[in-house]
$ cat upload_6.csv   # CSV, C-alpha atoms
chain,number,residue,atom,x,y,z
A,1,PRO,CA,58.5,8.1,-14.3
A,2,ASP,CA,61.2,10.7,-13.8
A,3,GLN,CA,63.1,9.4,-10.7
A,4,SER,CA,63.5,13.0,-9.5
A,5,LYS,CA,59.7,13.1,-8.9
A,6,LEU,CA,59.7,10.2,-6.6
A,7,LYS,CA,59.9,10.7,-2.9
A,8,PRO,CA,63.4,10.3,-1.3
A,9,TYR,CA,62.1,7.4,0.9
A,10,GLN,CA,61.5,4.9,-1.8
A,11,ILE,CA,59.7,2.4,0.5
A,12,VAL,CA,56.5,4.0,-0.8
A,13,VAL,CA,57.5,3.2,-4.4
A,14,ILE,CA,58.2,-0.4,-3.3
A,15,ALA,CA,54.9,-0.7,-1.5
A,16,ASN,CA,53.0,0.5,-4.5
A,17,ILE,CA,54.8,-2.0,-6.7
A,18,VAL,CA,54.1,-4.8,-4.3
A,19,ILE,CA,50.4,-4.1,-4.1
A,20,TRP,CA,49.8,-3.5,-7.8
A,21,SER,CA,52.0,-6.5,-8.9
A,22,ILE,CA,49.9,-8.8,-6.7
A,23,ILE,CA,46.7,-7.4,-8.3
A,24,GLY,CA,48.1,-7.9,-11.8
A,25,CYS,CA,49.3,-11.4,-11.1
A,26,SER,CA,46.0,-12.3,-9.5
A,27,ILE,CA,44.2,-11.5,-12.7
A,28,ARG,CA,46.6,-13.8,-14.7
A,29,VAL,CA,46.1,-16.5,-12.1
A,30,ALA,CA,42.3,-16.1,-12.4
A,31,PHE,CA,42.5,-16.7,-16.2
A,32,GLU,CA,44.6,-19.8,-15.6
A,33,LEU,CA,42.2,-21.2,-13.1
A,34,THR,CA,39.1,-20.5,-15.2
A,35,SER,CA,37.9,-23.7,-16.8
A,36,LEU,CA,36.7,-21.9,-19.9
A,37,SER,CA,40.2,-20.6,-20.6
A,38,SER,CA,42.6,-22.7,-22.7
A,39,THR,CA,46.4,-22.3,-22.6
A,40,ILE,CA,46.2,-19.6,-25.3
A,41,HIS,CA,43.4,-17.7,-23.8
A,42,THR,CA,45.3,-17.6,-20.5
A,43,TYR,CA,47.9,-15.4,-22.2
A,44,LEU,CA,45.8,-13.5,-24.8
A,45,TRP,CA,43.5,-11.6,-22.6
A,46,PRO,CA,46.1,-10.6,-20.0
A,47,GLN,CA,48.2,-9.3,-22.9
A,48,PHE,CA,45.3,-7.3,-24.1
A,49,LEU,CA,44.4,-5.8,-20.7
A,50,GLY,CA,48.0,-5.1,-19.9
A,51,THR,CA,48.9,-3.2,-23.1
A,52,MET,CA,45.6,-1.4,-22.9
A,53,THR,CA,46.5,-0.2,-19.4
A,54,ILE,CA,50.0,0.8,-20.5
A,55,SER,CA,48.8,3.0,-23.4
A,56,TYR,CA,46.2,4.6,-21.1
A,57,LEU,CA,48.9,5.3,-18.5
A,58,VAL,CA,51.3,6.8,-21.1
A,59,ILE,CA,48.7,9.2,-22.4
A,60,HIS,CA,47.5,10.2,-18.9
A,61,ARG,CA,50.8,10.1,-17.2
A,62,GLU,CA,50.9,13.8,-16.2
A,63,LYS,CA,47.3,13.7,-15.0
A,64,ILE,CA,47.9,10.5,-12.9
A,65,GLU,CA,51.0,11.8,-11.3
A,66,ARG,CA,49.3,15.1,-10.5
A,67,ARG,CA,46.0,13.7,-9.2
A,68,PHE,CA,47.5,10.8,-7.4
A,69,SER,CA,51.3,10.5,-7.2
A,70,PRO,CA,54.4,9.3,-9.3
A,71,GLU,CA,54.6,6.4,-6.9
A,72,ILE,CA,51.1,5.1,-7.9
A,73,TYR,CA,52.0,5.6,-11.6
A,74,THR,CA,55.1,3.5,-11.1
A,75,GLY,CA,53.2,0.9,-9.2
A,76,ILE,CA,50.6,0.5,-11.9
A,77,GLY,CA,53.0,0.7,-14.8
A,78,THR,CA,55.7,-1.5,-13.4
A,79,GLY,CA,53.8,-3.7,-10.9
A,80,PHE,CA,50.4,-4.2,-12.4
A,81,CYS,CA,51.2,-4.2,-16.1
A,82,GLY,CA,54.5,-6.0,-15.6
A,83,SER,CA,52.8,-8.9,-13.7
A,84,LEU,CA,49.8,-9.0,-15.9
A,85,THR,CA,51.6,-9.3,-19.3
A,86,THR,CA,54.1,-12.0,-20.1
A,87,PHE,CA,55.6,-12.1,-23.6
A,88,SER,CA,58.3,-14.6,-22.9
A,89,SER,CA,55.8,-17.2,-21.6
A,90,TRP,CA,53.5,-16.4,-24.6
A,91,MET,CA,56.3,-17.3,-27.0
A,92,LEU,CA,56.7,-20.7,-25.4
A,93,ALA,CA,53.0,-21.5,-25.0
A,94,PRO,CA,52.1,-21.9,-28.7
A,95,VAL,CA,55.0,-24.2,-29.4
A,96,ASN,CA,54.1,-26.4,-26.5
A,97,LEU,CA,50.5,-26.4,-27.5
A,98,VAL,CA,51.0,-27.3,-31.1
A,99,PHE,CA,53.5,-30.1,-30.3
A,100,SER,CA,51.2,-31.5,-27.7
A,101,TYR,CA,48.3,-31.3,-30.2
A,102,ARG,CA,50.4,-33.2,-32.8
A,103,ASP,CA,51.4,-35.9,-30.4
A,104,ASN,CA,48.0,-36.4,-28.9
A,105,ILE,CA,45.7,-35.9,-31.8
A,106,TYR,CA,48.0,-37.1,-34.6
A,107,PRO,CA,50.0,-39.9,-33.0
A,108,ASP,CA,50.7,-41.3,-36.4
A,109,ASN,CA,52.6,-38.1,-37.3
A,110,THR,CA,50.2,-37.2,-40.1
A,111,LEU,CA,50.8,-33.6,-39.0
A,112,ASN,CA,54.3,-33.0,-40.4
A,113,ASN,CA,56.8,-30.4,-39.2
A,114,SER,CA,55.9,-27.8,-41.9
A,115,ASP,CA,52.3,-27.9,-40.6
A,116,VAL,CA,53.6,-27.5,-37.0
A,117,VAL,CA,55.7,-24.5,-38.0
A,118,TYR,CA,52.7,-22.9,-39.8
A,119,LEU,CA,50.4,-23.4,-36.8
A,120,VAL,CA,53.0,-21.9,-34.4
A,121,PHE,CA,53.5,-18.8,-36.6
A,122,GLU,CA,49.7,-18.5,-37.0
A,123,ILE,CA,49.2,-18.5,-33.2
A,124,LEU,CA,52.1,-16.2,-32.6
A,125,PHE,CA,50.7,-13.6,-35.1
A,126,VAL,CA,47.4,-13.7,-33.3
A,127,GLY,CA,49.2,-13.3,-30.0
A,128,LEU,CA,51.0,-10.2,-31.3
A,129,ALA,CA,47.8,-8.8,-32.7
A,130,PHE,CA,46.0,-8.9,-29.3
A,131,PRO,CA,48.5,-6.6,-27.6
A,132,LEU,CA,48.4,-4.2,-30.5
A,133,LEU,CA,44.6,-4.1,-30.3
A,134,GLY,CA,44.8,-3.6,-26.6
A,135,TRP,CA,47.2,-0.7,-27.0
A,136,SER,CA,44.9,0.9,-29.7
A,137,PHE,CA,41.9,0.4,-27.4
A,138,GLY,CA,43.6,2.1,-24.5
A,139,VAL,CA,44.6,5.1,-26.7
A,140,HIS,CA,41.0,5.4,-27.9
A,141,LEU,CA,39.7,5.1,-24.4
A,142,ALA,CA,41.9,7.9,-23.2
A,143,ASP,CA,40.9,10.1,-26.2
A,144,ILE,CA,37.2,9.5,-25.4
A,145,GLU,CA,37.7,10.4,-21.8
A,146,MET,CA,39.6,13.6,-22.7
A,147,ASN,CA,36.8,14.6,-25.0
A,148,VAL,CA,34.0,13.9,-22.5
A,149,PHE,CA,35.8,15.7,-19.7
A,150,ARG,CA,37.4,18.3,-22.0
A,151,GLU,CA,36.6,21.2,-19.6
A,152,ASP,CA,38.2,19.5,-16.6
A,153,PHE,CA,41.3,18.7,-18.6
A,154,CYS,CA,41.6,22.3,-19.9
A,155,LYS,CA,41.1,23.8,-16.5
A,156,GLY,CA,43.3,21.2,-14.8
A,157,LYS,CA,40.6,20.3,-12.3
A,158,ASP,CA,41.4,17.5,-9.9
A,159,ILE,CA,38.4,15.2,-9.4
A,160,PHE,CA,40.3,13.1,-6.8
A,161,ASN,CA,41.8,14.5,-3.7
A,162,TRP,CA,44.9,12.4,-3.2
A,163,LYS,CA,47.3,14.5,-1.1
A,164,GLY,CA,50.2,11.9,-0.8
A,165,SER,CA,50.7,12.8,2.8
A,166,ILE,CA,52.9,10.9,5.2
A,167,VAL,CA,49.8,9.2,6.7
A,168,GLU,CA,48.7,7.9,3.3
A,169,ASP,CA,52.2,6.7,2.6
A,170,ILE,CA,52.3,4.8,5.9
A,171,VAL,CA,48.9,3.3,5.2
A,172,ILE,CA,50.1,2.1,1.7
A,173,THR,CA,53.3,0.7,3.2
A,174,LEU,CA,51.5,-1.2,6.0
A,175,LEU,CA,48.9,-2.5,3.5
A,176,ALA,CA,51.7,-3.9,1.3
A,177,ILE,CA,53.4,-5.6,4.2
A,178,ILE,CA,50.1,-7.0,5.6
A,179,LEU,CA,49.1,-8.2,2.2
A,180,TRP,CA,52.4,-10.0,1.5
A,181,ILE,CA,52.4,-11.6,5.0
A,182,ALA,CA,48.8,-12.8,4.5
A,183,LEU,CA,49.8,-14.4,1.2
A,184,LEU,CA,52.7,-16.1,2.9
A,185,ILE,CA,50.5,-17.6,5.6
A,186,SER,CA,47.8,-18.6,3.1
A,187,ALA,CA,50.4,-20.4,1.0
A,188,CYS,CA,51.1,-22.7,3.9
A,189,PHE,CA,47.5,-23.8,4.1
A,190,TYR,CA,46.0,-23.4,0.6
A,191,ASP,CA,45.8,-26.6,-1.5
A,192,PRO,CA,47.1,-26.5,-4.2
A,193,PRO,CA,49.5,-23.7,-3.2
A,194,PHE,CA,50.7,-22.7,-6.6
A,195,PRO,CA,48.2,-19.8,-7.2
A,196,ILE,CA,49.1,-18.2,-3.8
A,197,VAL,CA,52.8,-18.8,-4.4
A,198,ALA,CA,52.6,-17.1,-7.8
A,199,LEU,CA,51.1,-14.0,-6.0
A,200,LEU,CA,53.7,-14.2,-3.3
A,201,PHE,CA,56.6,-14.0,-5.7
A,202,ALA,CA,55.0,-11.5,-8.2
A,203,PRO,CA,56.5,-8.4,-6.4
A,204,PHE,CA,60.0,-9.7,-6.7
A,205,GLY,CA,59.9,-9.8,-10.5
A,206,ALA,CA,58.2,-6.3,-10.6
A,207,LEU,CA,60.8,-4.9,-8.2
A,208,LEU,CA,63.6,-6.3,-10.3
A,209,ARG,CA,62.2,-4.6,-13.4
A,210,TRP,CA,61.9,-1.3,-11.5
A,211,ILE,CA,65.5,-1.5,-10.2
A,212,LEU,CA,66.9,-2.4,-13.7
A,213,GLY,CA,64.9,0.3,-15.3
A,214,LYS,CA,66.7,2.9,-13.1
A,215,PHE,CA,70.0,2.2,-14.9
$ encode --input "upload_6.csv" --output "structure tokens"
Amino acid sequence: PDQSKLKPYQIVVIANIVIWSIIGCSIRVAFELTSLSSTIHTYLWPQFLGTMTISYLVIHREKIERRFSPEIYTGIGTGFCGSLTTFSSWMLAPVNLVFSYRDNIYPDNTLNNSDVVYLVFEILFVGLAFPLLGWSFGVHLADIEMNVFREDFCKGKDIFNWKGSIVEDIVITLLAIILWIALLISACFYDPPFPIVALLFAPFGALLRWILGKF
């Protein structure tokens, strides 16, 4: 969002990004830990959900900033969606999957390099189609909501009563701090620790995106 709309004490923005990035990363980790999800499914559905959320946010940006706050919009857009989607990892996953498939299923190399390239591109196209479908789904979802609640949108009614007061800002900031400290303590005792460590470091990537996006 417009940086001028954000509060001068940007600790509230950081707190929102921390909370929402942990939520977004937890969904990705849940897909990775689900036994029914293969390597490809681990990335496909988070991509779909992330781009769907982004398109919904873009269309309802003004409403979200008015009914909640620009800080929450930034937290969801940068923290949640940024931690949920991962296009760089997705580009690497099909290549690793296909070569692993060739080496394990076809040890005699009956699957030649041209077949490998074809399979990689086929999976990549599917991976690009899912985010586009997610974006389109989010757009239609926003359109349906605006049609169903047309009267409220036209009159500018606020269903939610989020004041963005100093008390609420303090609560959000404390919640972010407590949540991160709780993850830090959990990482020391949880076995295996990698899911908790992933959640622990999710805010750093989201905050880096937010900082770089200001320039």
$ closest_residue --input "upload_6.csv" --among "A:Thr53, A:Gln47, A:Arg66, A:Tyr73" --to "A:Val12" --atoms "all atoms listed in the file"
A:Tyr73
$ closest_residue --input "upload_6.csv" --among "A:Ile72, A:Val139, A:Ala30, A:Val117" --to "A:Asp169" --atoms "only C-alpha atoms"
A:Ile72
$ residues_around --input "upload_6.csv" --residues "A:Ala15" --least-positions-apart "5" --cutoff "7 Å" --atoms "all atoms listed in the file" --output "list in words"
Ile172, Thr173 and Ala176 of chain A
$ closest_residue --input "upload_6.csv" --among "A:Pro195, A:Val13, A:Leu179, A:Cys188" --to "A:Ser69" --atoms "only C-alpha atoms"
A:Val13
$ atom_distance --input "upload_6.csv" --atom1 "atom CA of A:Leu132" --atom2 "atom CA of A:Thr86"
14.2 Å
$ residues_around --input "upload_6.csv" --residues "A:Leu141" --least-positions-apart "4" --cutoff "8 Å" --atoms "only C-alpha atoms" --output "list in words"
Tyr56, Phe137 and Glu145 of chain A
$ residues_around --input "upload_6.csv" --residues "stretch 210-215 of chain A" --least-positions-apart "6" --cutoff "9 Å" --atoms "only C-alpha atoms" --output "list in words"
Gln3, Ile17, Thr74, Thr78 and Gly79 of chain A
$ write_last_selection --input "upload_6.csv" --atoms "C-alpha atoms" --output "PDB file, in the frame of the given file"
ATOM      1  CA  GLN A   3      63.100   9.400 -10.700  1.00  0.00           C
ATOM      2  CA  ILE A  17      54.800  -2.000  -6.700  1.00  0.00           C
ATOM      3  CA  THR A  74      55.100   3.500 -11.100  1.00  0.00           C
ATOM      4  CA  THR A  78      55.700  -1.500 -13.400  1.00  0.00           C
ATOM      5  CA  GLY A  79      53.800  -3.700 -10.900  1.00  0.00           C
TER       6      GLY A  79
END
$ closest_residue --input "upload_6.csv" --among "A:Ile178, A:Ile196, A:Ala206, A:Val126" --to "A:Ile76" --atoms "all atoms listed in the file"
A:Ala206
$ closest_residue --input "upload_6.csv" --among "A:Thr51, A:Thr34, A:Asn147, A:Asn16" --to "A:Pro203" --atoms "only C-alpha atoms"
A:Asn16
